[in-house]
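Engineer: I'd like to ask you about the structure that follows.
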Amino acid sequence: MERRLATGVLVIGTGGSGLRAAIELAGRGTDVLAVGKRPRLDAHTSLAAGGINAALGTMDPSDSWQQHAADTIKESYFLADPQIVETVVRGAEEGIRDLERYGMSFAREDDGRISQRFFGAHTWRRTAFAGDYTGLEIQRSLVAEAERLGIPILDGVYITRVLVDDNTVFGAYGFDINDGTRYLIHADAVILAAGGHTRIWRRTSSRRDENTGDAFRLAVEAGARLRDAELVQFHPSGILEPENAAGTLISEAARGEGGVLRNALGERFMERYDPQRMELSTRDRVALAAYTEIKEGRGTEKGGVWLDVSHLPRETIMQRLPRVYQTMMELQMLDITREPIEIAPTAHYSMGGVRVRPEDHGTGVDGLYAIGEASSGLHGANRLGGNSLIELLVYGRIVGRAAGDYSAALAAQRRSASVVAQARAEVDGLLAADGTENVRALQRAIRNTMSEYAGVVRDESGLTAGLEELDRTRERANDIGVHPDIAGFQDLAHAFDLKASLLAAQATLESARERRETRGCHNRSDYPQSDPELQVNLVWSPGTGVVREAISPVPAEIAELIRDVSTAGKLVE
């Protein structure tokens with residue numbers, strides 16, 4: 001069966017950025033439909049813990065949007081787009097006010113001011129929060145506002161293709177993961193808000209079947225390009241077991257509250273890498289330290305290091321680290337008040353993504369926009385903690401407005417029977433696939449390749465070997481078997497995930513090989529220094545490969561504020 005729907009703007013992805021865009025559209029009277037492959041309250045945004053940034057000045061009146069911009073650009077290792085940065089930081093306070101209007105409960109001081117705390121590399125306290133479940137509270141607030149506005153949301157729908165004719169969007173095609181019902185959705189504009197690609201590594205903070213590069217594939221096949229796909233943030237503390245939860249994050253609050261890192265020999269190894277800040281060092285430096293200890297043979301038998309909070313008072317752990325305690329009890333029956341946690345670096349956040357225009361996040365394909373972790377331009381080579389959540393609010397609002405205006409200005413609605421037929425045929429072809437290769441096994445092969453050759457530290461020979469392995473996996477993918485059953489069409493979704501992961505992995509490996517320097521999260525053992533010639537964005541597409549793109553100069557009023565931030569006694573990220 002095929003359902004045919006029509007709307008003004010289609011939003012693909014029901015996390016924070018997608019819902020904020022849909023809310024903006026509905027509030028302006030534009031017809032909008034949001035679709036997501038996960039339940040709306042279980043979108044990836046709900047996992048974010050730490051906080052959301054805005055220079056409100058509630059705790060430090062000297063803070064300003066200019067200083068927030070300066071901190072963001074410095075932390076990006078000067079690869080962020082200055083116009084995107086300025087847009088986010090100037091719109092941040094309005095984003096916070098939007099959340100308040102939607103009913104979100106922020107932590108507050110006794111006099112009612114929104115509490116703000118230090119997050120890594122911020123000059124001032126500008127991270128607002130709701131306990132250690134800020135993302136979940138944001139998601140709940142956005143879902144409630146979307147329901148209040150009557151926005152139609154389809155859960156469990158997998159989008160397989162953005163429909164494009166003559167470089168112009170006219171909708172999308174997909175299917176229901178549970179019963180296989182096809183969806184042909186005609187739309188004047190499409191907003192991609194379907195996340196990043198960190199699931200293509202073996203250890204990742206993303207859950208199964210999310211962040212497999214869906215948005216990257218949809219955008220590229222529609223005619224858009226990817227920017228800085230190689231720039232991936234690795235979080236230092238992901239758990240190793242159980243296998244189906246490997247990479248699940250142990251919050252940096254565990255280090256912030258006094259947690260200690262030790263190798264298998266019992267050594268407090270951060271003394272070797274950052275003797276002043278120790279465990280309070282930057283995320284990329286701690287991840288690199290743990291990686292080095294493991295690689296040089298001082299890791300645990302399972303390939304990790306130990307994070308120990310058991311010396312802290314039990315009351316402190318239960319009050320300040322309740323989610324960490326609960327997570328470890330549920331997943332490993334481990335009592336962190338008594339025993340250390342075995343951890344290793346884990347792929348956490350895609351700082352690159354679809355290349356977008358700074359003013360409206362348009363992709364260069366008429367009517368196609370990308371936001372959130374699917375897009376690029378704010379974070380550069382290292383993400384300032386707390387910036388990703390405010391980006392969702394600011395650009396969700398801006399892109400919703402831009403897509404609505406684009407829809408309203410169209411003189412006619414485009415259609416193409418041949419393009420729709422191609423989308424149908426793609427699904428039909430996979431459903432008819434009866435080969436011998438198992439999709440899950442090929443996904444695992446990609447994750448192994450990326451972990452081995454494009455992890456925390458990379459080099460030329462490894463990246464080349466990774467591309468050769470990827471070619472072999474792609475060849476095997478021509479002989480997959482897809483077998484929907486009484487439980488649903490997840491097998492078909494996995495096959496499309498595999499297509500996305502292959503594309504995202506190729507973009508990442510080729511871009512990482514081209515960036516022959518060490519900068520921020522990107523560590524090249526064969527090029528240990530940064531190269532001024534590579535202070536550029538690397539833009540990738542299948543047809544042109546990797547091309548260099550110059551970055552706009554930083555405005556003088558922001559450049560003069562860029563300085564080293566004091567980190568004495570503070571968790572840096």
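The chains in the structure tokens are called A, B, ... from first to last as shown; in each chain the residues are counted from 1, and the ligands are counted from 1 in the order shown.
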Could you go through region 4-185 of chain A and tell me which residues DSSP, when run on the backbone, assigns to strand (DSSP E or B), listing them as an MDAnalysis selection string?
Structural biologist: chainID A and resid 4:12 32:36 52:53 108 114 117 127:128 153:155 157:165 168:176 182:185
Engineer: Please provide the set of residues having any atom within 7 Å of Leu368 (chain A), restricted to only C-alpha atoms, with same-chain residues fewer than 4 positions apart removed, written as a VMD selection string.
Structural biologist: chain A and resid 169 189 to 191 362 to 363
Engineer: Which polymer residues have any atom within 7 Å of an atom of region 519-535 of chain A, counting only C-alpha atoms, with same-chain residues fewer than 4 positions away left out, as a count of residues only?
Structural biologist: 14
Engineer: Using DSSP assignments from the backbone, pull out every residue in region 318-490 of chain A that falls under alpha helix (DSSP H) and give it to me as a ChimeraX atom specification.
Structural biologist: /A:318-320,322-332,387-409,417-431,439-453,460-476,490
Engineer: Considering only C-alpha atoms, return as an mmCIF file with C-alpha atoms, in the first residue's frame whatever protein or nucleic-acid residues lie within 10 Å of region 246-253 of chain A, sequence-local ones (same chain, fewer than 2 positions apart) excluded.
Structural biologist:
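Saved the output as out_9.cif:
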```cif
data_model
loop_
_atom_site.group_PDB
_atom_site.id
_atom_site.type_symbol
_atom_site.label_atom_id
_atom_site.label_comp_id
_atom_site.auth_asym_id
_atom_site.auth_seq_id
_atom_site.Cartn_x
_atom_site.Cartn_y
_atom_site.Cartn_z
ATOM 1 C CA LEU A 47 20.207 11.979 25.484
ATOM 2 C CA ALA A 48 21.978 15.344 25.852
ATOM 3 C CA ALA A 49 22.853 15.925 29.486
ATOM 4 C CA GLY A 50 25.068 18.895 30.172
ATOM 5 C CA ASP A 132 21.721 16.277 34.103
ATOM 6 C CA ARG A 199 27.140 5.207 14.530
ATOM 7 C CA TRP A 201 32.255 3.635 14.600
ATOM 8 C CA ARG A 202 32.332 0.541 16.806
ATOM 9 C CA ARG A 203 32.089 2.488 20.049
ATOM 10 C CA THR A 204 29.646 5.363 19.896
ATOM 11 C CA SER A 205 27.344 7.312 22.166
ATOM 12 C CA SER A 206 24.613 6.884 19.540
ATOM 13 C CA ARG A 207 22.197 4.030 19.952
ATOM 14 C CA HIS A 235 34.226 11.564 24.008
ATOM 15 C CA PRO A 236 36.803 10.097 26.415
ATOM 16 C CA SER A 237 34.441 8.008 28.513
ATOM 17 C CA GLY A 238 32.244 5.453 26.798
ATOM 18 C CA ILE A 239 31.583 2.091 28.457
ATOM 19 C CA LEU A 240 32.782 -1.168 26.873
ATOM 20 C CA GLU A 241 30.018 -3.563 27.901
ATOM 21 C CA PRO A 242 27.466 -4.921 27.237
ATOM 22 C CA GLU A 243 28.162 -5.025 23.494
ATOM 23 C CA ASN A 244 24.760 -3.633 22.538
ATOM 24 C CA ARG A 255 35.495 13.796 36.169
ATOM 25 C CA GLY A 256 34.201 17.191 37.238
ATOM 26 C CA GLU A 257 33.175 15.833 40.636
ATOM 27 C CA GLY A 258 36.642 14.355 41.267
ATOM 28 C CA GLY A 259 36.762 11.116 39.299
ATOM 29 C CA GLU A 279 41.272 14.836 34.684
ATOM 30 C CA LEU A 280 39.901 18.367 34.205
ATOM 31 C CA ARG A 283 37.802 16.397 26.012
ATOM 32 C CA LEU A 307 37.433 5.840 35.695
ATOM 33 C CA ARG A 320 25.572 14.735 41.754
ATOM 34 C CA LEU A 321 25.914 11.632 39.554
ATOM 35 C CA ARG A 323 22.266 9.030 36.082
ATOM 36 C CA VAL A 324 25.766 7.559 36.020
ATOM 37 C CA TYR A 325 24.959 5.424 39.060
ATOM 38 C CA THR A 327 23.116 3.558 34.133
ATOM 39 C CA MET A 328 25.895 1.349 35.468
ATOM 40 C CA LEU A 331 23.732 -2.147 32.277
ATOM 41 C CA ILE A 341 34.130 1.960 35.542
ATOM 42 C CA ILE A 343 35.833 3.095 29.702
ATOM 43 C CA ALA A 344 37.402 3.964 26.336
ATOM 44 C CA PRO A 345 37.059 6.853 23.836
ATOM 45 C CA THR A 346 33.788 6.785 21.905
ATOM 46 C CA ALA A 347 32.567 8.554 18.749
ATOM 47 C CA HIS A 348 30.232 11.208 20.045
ATOM 48 C CA LEU A 571 36.223 20.857 34.111
ATOM 49 C CA VAL A 572 37.223 22.093 30.689
ATOM 50 C CA GLU A 573 34.535 20.191 28.801
#
```
Engineer: Nearest to Leu19 (chain A) among A:Glu549, A:Asp42, A:Asp71, A:Glu145, with distances taken over only C-alpha atoms: which residue is it?
Structural biologist: A:Glu145
Engineer: Could you state the separation of CA of Met333 (chain A) and CA of Ala245 (chain A) in Å, given to one decimal place?
Structural biologist: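 Here the two named atoms are 13.7 Å from each other.
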Engineer: For region 208-243 of chain A against region 500-503 of chain A, with a cut-off of 12 Å and counting only C-alpha atoms, what is the closest atom pair and its distance in Å to one decimal for every residue that makes the cut, ordered by chain and number, as CSV?
Structural biologist:
```
residue,atom,partner,partner_atom,distance
A:Asp209,CA,A:Ser501,CA,10.7
A:Glu210,CA,A:Ser501,CA,10.8
A:Asn211,CA,A:Ser501,CA,9.1
A:Thr212,CA,A:Ser501,CA,5.5
A:Gly213,CA,A:Ala500,CA,5.1
A:Asp214,CA,A:Ala500,CA,5.3
A:Ala215,CA,A:Ala500,CA,8.1
A:Phe216,CA,A:Ala500,CA,7.1
A:Arg217,CA,A:Ala500,CA,5.1
A:Leu218,CA,A:Ala500,CA,8.1
A:Ala219,CA,A:Ala500,CA,10.5
A:Val220,CA,A:Leu503,CA,8.9
A:Glu221,CA,A:Leu503,CA,9.9
A:Arg225,CA,A:Leu503,CA,11.7
A:Leu226,CA,A:Leu503,CA,10.6
A:Ala229,CA,A:Leu503,CA,10.8
```
Engineer: Check the smallest atom-to-atom distance from each of A:Ala34, A:Leu442, A:Leu384, A:Ala43 to Ala69 (chain A) using only C-alpha atoms, then report the winner.
Structural biologist: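 Distance minimum relative to Ala69 (chain A) lands on A:Leu384.
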Engineer: Mind checking which residues fall within 8 Å of Gly171 (chain A), counting only C-alpha atoms, ignoring those fewer than 4 positions away in the same chain, and posting them as number ranges by chain?
Structural biologist: A: 10, 162-164, 184-190
Engineer: Restricting the calculation to only C-alpha atoms, which member of A:Ile294, A:Phe119, A:Arg355, A:Leu389 is positioned closest to Ser46 (chain A)?
Structural biologist: A:Leu389
Engineer: Which residues of region 340-425 of chain A have any atom within 10 Å of an atom in region 54-57 of chain A when counting only C-alpha atoms, and what is the closest pair of atoms for each, with the distance in Å to one decimal? Order the rows by chain and rising number and write it as JSON lines.
Structural biologist:
```
{"residue": "A:Gly386", "atom": "CA", "partner": "A:Ala54", "partner_atom": "CA", "distance": 9.0}
{"residue": "A:Asn387", "atom": "CA", "partner": "A:Ala54", "partner_atom": "CA", "distance": 8.5}
{"residue": "A:Ile390", "atom": "CA", "partner": "A:Ala54", "partner_atom": "CA", "distance": 7.4}
```
Engineer: Would you put the residues from that selection into a file with N, CA and C atoms, as a PDB file, in the first residue's frame?
Structural biologist:
```pdb
ATOM      1  N   GLY A 386      27.875  22.481  25.061  1.00  0.00           N
ATOM      2  CA  GLY A 386      26.651  23.247  25.265  1.00  0.00           C
ATOM      3  C   GLY A 386      26.191  24.031  24.054  1.00  0.00           C
ATOM      4  N   ASN A 387      27.022  24.099  23.004  1.00  0.00           N
ATOM      5  CA  ASN A 387      26.633  24.872  21.813  1.00  0.00           C
ATOM      6  C   ASN A 387      25.654  24.138  20.908  1.00  0.00           C
ATOM      7  N   ILE A 390      21.843  24.865  21.695  1.00  0.00           N
ATOM      8  CA  ILE A 390      21.333  26.196  21.335  1.00  0.00           C
ATOM      9  C   ILE A 390      21.271  26.349  19.821  1.00  0.00           C
TER      10      ILE A 390
END
```
Engineer: Here is a test: counting only C-alpha atoms, which residue of A:Ala445, A:Ala21, A:Met351, A:Ile336 is nearest to Ala193 (chain A)?
Structural biologist: A:Ala21
Engineer: Take CA of Ala493 (chain A) and CA of Thr160 (chain A) and report the distance between them in Å, one decimal.
Structural biologist: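 Spanning CA of Ala493 (chain A) to CA of Thr160 (chain A) is a straight-line distance of 8.7 Å.
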